[in-house]
Amino acid sequence: MKPVIVVGFVGVTIGLVAEFQPDDSVIYVEEPDVIRKRHVREQVEGVGFVRGLIEWEYLTPGRADEFFLAHRDLQPAAVVPAIEYATPFAARLAERYGLPGATLGAAQIMRDKALLRQVTAAAGIRNPESTRVASPADVLAFMGDRAIVLKPSNRQASVGTQVIRDPYEIEAAWAHCTAQDEGIFVPDRPMELSMLAEEFVEGEEFSVEMLVRDGRPLFANVTGKQLVPGPRPVELAHIVPADVPAELDDLLKHETARVVDATGFRDGIVHCEWIVADGVPHLVECAGRLAGDGILDVVQLAYPVELLRCYYAVLRGEDPPSDLPARAKSGAAVRFLTIDPGVVQSVEGVDEARQLDGVHLLQVTVAPGERFDGLRSSWDRAGIVMATGDTSAEALRRAEIAAGTVRIEVL
């Protein structure tokens, strides 16, 4: 049996992958530092579908070609990027093995937000005005008398992103945004620093999850988003499907298909984020991989659709194993738990919340005695709730009730 190579380890998907991958069929490739810090070997031990775990510094240029030359005999059935930082490596590796994939060119465009703006703007897609910046002085020169966003061009999970409304905030924002520590999720060696300043576009936020084969959409969903109030644009909730008019739903999907075409993306899934201002979608960013933050789970619940299984099939060059619905049949939502800075004293109400109507999953990721230094990125949230309902509004309401039932005391 030809194995599937999965680049980047995502533990929360093990149960989903186990539903369709046979025993001894998946090889994970992960950075040595990440394997050590996240105890990946312990997590995959005894998992039936896992054939092996290969340590490889895939974030280093040229390493996909080296991997291919060192492992020609693997002859994989597919190469699957599981996380943001794995996409260029996986795309190049798929090319070397002659398999479907994003293409290295598309993956590199999507990994660099500045490059993505340059390319998609040339295709007529609306982007916020932006520029690369290398110092607080550059940020000040760009800002003028408007609100802006300072962000890295090559990070994930809202790391190093902040809204700036006053020039006097720039120095402190630069210090905070350029300290991009992702802890156990990245290698210990330094990663290149690249920063952008962009005009702040105020409007509703959405993402489009689109399964693509040969550059054409097979399936698309629009997710509604809520953000935590304040200067850090960290997502608080995801609602599937987004509760919007059909015209806007269709427009967001159409614009995402234009991004796919503009970048030359061929096979896989894209996760495209948008802000709609005055009825016009403005591109925030687009990733050539599965959405995180539980979006995959709630999409699969709401439609329902075996999206992960279909994703693997497309990257094997096969037809999806089931019909792909055009519209969701019910609603599902993710709601995150957030807390104030301080030391966690107690966590209560978890079992009670899990018994509430529609609650599909509830996890708390903090424990008494832990210190929380504040919400800076998606990695800093205190837990997650997933809920379902007949409509997306009902699903969100149930998720919010469950989140409110969990009581985390912080001093």
# chains A, B, ... in the order shown; residues from 1 in each chain; ligands from 1
>>> residues_around(residues="region 26-28 of chain A", least_positions_apart="4", cutoff="8 Å", atoms="only C-alpha atoms", output="list in words")
Pro3, Val4, Ile5, Val6, Val7, Gly8, Phe9, Gln21, Phe49, Val50, Arg51, Gly52, Leu53 and Ile54 of chain A
>>> residues_around(residues="Ser130 (chain A)", least_positions_apart="3", cutoff="12 Å", atoms="only C-alpha atoms", output="VMD selection string")
chain A and resid 113 to 118 121 126 to 127 133 138 to 139 141 to 143 148 to 153 195 to 201 283 to 284
>>> write_last_selection(atoms="N, CA and C atoms", output="tab-separated table (two decimals), in the first residue's frame")
chain	number	residue	atom	x	y	z
A	113	LYS	N	2.10	37.19	2.68
A	113	LYS	CA	0.91	38.03	2.52
A	113	LYS	C	1.15	39.23	1.61
A	114	ALA	N	2.37	39.76	1.63
A	114	ALA	CA	2.68	40.89	0.75
A	114	ALA	C	2.68	40.45	-0.71
A	115	LEU	N	3.24	39.29	-0.97
A	115	LEU	CA	3.27	38.76	-2.33
A	115	LEU	C	1.86	38.41	-2.79
A	116	LEU	N	1.05	37.88	-1.88
A	116	LEU	CA	-0.34	37.57	-2.22
A	116	LEU	C	-1.09	38.84	-2.61
A	117	ARG	N	-0.87	39.93	-1.89
A	117	ARG	CA	-1.53	41.19	-2.24
A	117	ARG	C	-1.09	41.65	-3.63
A	118	GLN	N	0.19	41.57	-3.90
A	118	GLN	CA	0.73	42.00	-5.19
A	118	GLN	C	0.09	41.22	-6.34
A	121	ALA	N	-3.97	41.68	-6.45
A	121	ALA	CA	-4.32	43.04	-6.90
A	121	ALA	C	-4.17	43.15	-8.41
A	126	ARG	N	-9.89	43.11	-4.73
A	126	ARG	CA	-9.76	44.23	-3.80
A	126	ARG	C	-8.90	43.85	-2.60
A	127	ASN	N	-7.85	44.61	-2.35
A	127	ASN	CA	-6.96	44.43	-1.21
A	127	ASN	C	-6.86	45.72	-0.43
A	133	VAL	N	7.28	46.95	5.91
A	133	VAL	CA	7.91	47.91	6.84
A	133	VAL	C	9.03	47.21	7.59
A	138	ASP	N	9.02	53.47	9.48
A	138	ASP	CA	8.29	53.07	8.27
A	138	ASP	C	6.79	53.01	8.53
A	139	VAL	N	6.42	52.49	9.70
A	139	VAL	CA	5.00	52.38	10.06
A	139	VAL	C	4.38	53.77	10.18
A	141	ALA	N	5.36	56.55	8.74
A	141	ALA	CA	5.27	57.18	7.42
A	141	ALA	C	4.07	56.67	6.64
A	142	PHE	N	3.72	55.40	6.84
A	142	PHE	CA	2.58	54.83	6.13
A	142	PHE	C	1.26	55.23	6.77
A	143	MET	N	1.24	55.40	8.08
A	143	MET	CA	-0.02	55.54	8.82
A	143	MET	C	-0.78	56.81	8.48
A	148	ILE	N	-4.49	51.67	11.20
A	148	ILE	CA	-3.80	50.68	10.39
A	148	ILE	C	-3.69	49.36	11.16
A	149	VAL	N	-3.22	48.35	10.46
A	149	VAL	CA	-2.93	47.04	11.06
A	149	VAL	C	-1.45	46.76	10.83
A	150	LEU	N	-0.75	46.40	11.91
A	150	LEU	CA	0.63	45.95	11.81
A	150	LEU	C	0.62	44.44	11.97
A	151	LYS	N	1.27	43.73	11.04
A	151	LYS	CA	1.19	42.27	11.06
A	151	LYS	C	2.42	41.67	10.37
A	152	PRO	N	2.76	40.43	10.70
A	152	PRO	CA	3.81	39.75	9.95
A	152	PRO	C	3.26	39.26	8.61
A	153	SER	N	4.13	39.16	7.62
A	153	SER	CA	3.69	38.67	6.31
A	153	SER	C	3.77	37.16	6.21
A	195	MET	N	7.52	42.16	8.09
A	195	MET	CA	6.35	42.86	8.63
A	195	MET	C	5.65	43.68	7.56
A	196	LEU	N	4.34	43.81	7.74
A	196	LEU	CA	3.50	44.62	6.86
A	196	LEU	C	2.74	45.65	7.68
A	197	ALA	N	2.51	46.81	7.08
A	197	ALA	CA	1.54	47.78	7.59
A	197	ALA	C	0.44	47.89	6.56
A	198	GLU	N	-0.81	47.85	7.02
A	198	GLU	CA	-1.95	47.88	6.10
A	198	GLU	C	-3.02	48.83	6.61
A	199	GLU	N	-3.78	49.39	5.70
A	199	GLU	CA	-4.92	50.19	6.13
A	199	GLU	C	-5.92	49.30	6.85
A	200	PHE	N	-6.53	49.83	7.88
A	200	PHE	CA	-7.55	49.09	8.63
A	200	PHE	C	-8.88	49.21	7.89
A	201	VAL	N	-9.44	48.07	7.52
A	201	VAL	CA	-10.73	48.03	6.84
A	201	VAL	C	-11.77	47.54	7.84
A	283	LEU	N	-9.70	41.27	0.49
A	283	LEU	CA	-8.93	40.09	0.84
A	283	LEU	C	-8.06	40.36	2.07
A	284	VAL	N	-8.16	39.51	3.07
A	284	VAL	CA	-7.29	39.59	4.24
A	284	VAL	C	-6.06	38.72	4.03
>>> residues_around(residues="Gly358 (chain A)", least_positions_apart="3", cutoff="10 Å", atoms="only C-alpha atoms", output="list in words")
Ala332, Arg354, Gln355, Leu361, Met386, Ala387, Thr388, Gly389, Asp390, Glu394, Ala395, Leu396, Arg397, Arg398, Ala399 and Ala402 of chain A
>>> write_last_selection(atoms="N, CA and C atoms", output="mmCIF file, in the first residue's frame")
data_model
loop_
_atom_site.group_PDB
_atom_site.id
_atom_site.type_symbol
_atom_site.label_atom_id
_atom_site.label_comp_id
_atom_site.auth_asym_id
_atom_site.auth_seq_id
_atom_site.Cartn_x
_atom_site.Cartn_y
_atom_site.Cartn_z
ATOM 1 N N ALA A 332 -23.761 24.974 12.668
ATOM 2 C CA ALA A 332 -22.760 24.578 13.658
ATOM 3 C C ALA A 332 -21.889 25.797 13.954
ATOM 4 N N ARG A 354 -21.064 20.561 29.184
ATOM 5 C CA ARG A 354 -21.018 19.479 28.185
ATOM 6 C C ARG A 354 -22.364 18.780 28.020
ATOM 7 N N GLN A 355 -23.234 18.890 29.018
ATOM 8 C CA GLN A 355 -24.543 18.230 28.951
ATOM 9 C C GLN A 355 -25.623 19.090 28.300
ATOM 10 N N LEU A 361 -18.680 19.465 21.504
ATOM 11 C CA LEU A 361 -17.347 19.354 22.090
ATOM 12 C C LEU A 361 -17.117 20.538 23.016
ATOM 13 N N MET A 386 -17.826 23.618 20.685
ATOM 14 C CA MET A 386 -18.502 23.412 19.404
ATOM 15 C C MET A 386 -19.934 22.994 19.688
ATOM 16 N N ALA A 387 -20.860 23.581 18.925
ATOM 17 C CA ALA A 387 -22.273 23.258 19.126
ATOM 18 C C ALA A 387 -22.992 23.219 17.785
ATOM 19 N N THR A 388 -24.094 22.507 17.758
ATOM 20 C CA THR A 388 -24.915 22.400 16.555
ATOM 21 C C THR A 388 -26.336 22.871 16.839
ATOM 22 N N GLY A 389 -27.066 23.171 15.769
ATOM 23 C CA GLY A 389 -28.461 23.590 15.884
ATOM 24 C C GLY A 389 -29.132 23.501 14.537
ATOM 25 N N ASP A 390 -30.437 23.703 14.513
ATOM 26 C CA ASP A 390 -31.161 23.666 13.248
ATOM 27 C C ASP A 390 -30.702 24.777 12.310
ATOM 28 N N GLU A 394 -28.901 29.388 15.943
ATOM 29 C CA GLU A 394 -29.169 28.547 17.106
ATOM 30 C C GLU A 394 -27.885 27.864 17.585
ATOM 31 N N ALA A 395 -27.051 27.421 16.663
ATOM 32 C CA ALA A 395 -25.797 26.776 17.034
ATOM 33 C C ALA A 395 -24.902 27.741 17.804
ATOM 34 N N LEU A 396 -24.818 28.986 17.335
ATOM 35 C CA LEU A 396 -24.003 29.982 18.031
ATOM 36 C C LEU A 396 -24.561 30.267 19.415
ATOM 37 N N ARG A 397 -25.885 30.405 19.513
ATOM 38 C CA ARG A 397 -26.503 30.671 20.817
ATOM 39 C C ARG A 397 -26.182 29.546 21.799
ATOM 40 N N ARG A 398 -26.259 28.303 21.348
ATOM 41 C CA ARG A 398 -25.956 27.168 22.225
ATOM 42 C C ARG A 398 -24.486 27.162 22.638
ATOM 43 N N ALA A 399 -23.615 27.496 21.704
ATOM 44 C CA ALA A 399 -22.186 27.547 22.033
ATOM 45 C C ALA A 399 -21.903 28.642 23.044
ATOM 46 N N ALA A 402 -23.072 27.545 26.516
ATOM 47 C CA ALA A 402 -22.120 26.590 27.092
ATOM 48 C C ALA A 402 -20.853 27.301 27.560
#
>>> select_by_dssp(residues="region 94-339 of chain A", states="helix (DSSP H, G or I)", output="ChimeraX atom specification")
/A:94-97,104-111,113-122,136-143,167-177,183-185,246-263,295-302,307-315
>>> closest_residue(among="A:Leu375, A:Gly288, A:Ser330, A:Val343", to="Ile408 (chain A)", atoms="only C-alpha atoms")
A:Val343
>>> closest_residue(among="A:Ala277, A:Ile164, A:Val299, A:Ala257", to="Pro233 (chain A)", atoms="only C-alpha atoms")
A:Ile164
>>> select_by_dssp(residues="region 207-344 of chain A", states="strand (DSSP E or B)", output="number ranges by chain")
A: 207-213, 216-227, 235-240, 268-277, 280-287, 331-337, 342-344
>>> closest_residue(among="A:His238, A:Arg376, A:Lys225, A:Lys37", to="Ile275 (chain A)", atoms="only C-alpha atoms")
A:Lys225
>>> residues_around(residues="Ile184 (chain A)", least_positions_apart="4", cutoff="12 Å", atoms="only C-alpha atoms", output="JSON, numbers by chain")
{"A": [9, 31, 32, 33, 34, 35, 36, 37, 38, 39, 40, 188, 189, 379]}
>>> closest_residue(among="A:Pro229, A:Val259, A:Glu42, A:Tyr85", to="Val186 (chain A)", atoms="only C-alpha atoms")
A:Tyr85
>>> residues_around(residues="Leu99 (chain A)", least_positions_apart="6", cutoff="8 Å", atoms="only C-alpha atoms", output="number ranges by chain")
A: 77-79, 315-317
>>> atom_distance(atom1="CA of Thr178 (chain A)", atom2="CA of Ala137 (chain A)")
14.4 Å
>>> residues_around(residues="region 366-369 of chain A", least_positions_apart="4", cutoff="10 Å", atoms="only C-alpha atoms", output="list of chain:residue names")
A:Ile339, A:Gly342, A:Val343, A:Val344, A:Gln345, A:Ser346, A:Val347, A:Asp380, A:Arg381, A:Ala382, A:Gly383, A:Ile408, A:Glu409, A:Val410
>>> residues_around(residues="Gly294 (chain A)", least_positions_apart="3", cutoff="8 Å", atoms="only C-alpha atoms", output="VMD selection string")
chain A and resid 291 297 to 298 334 386
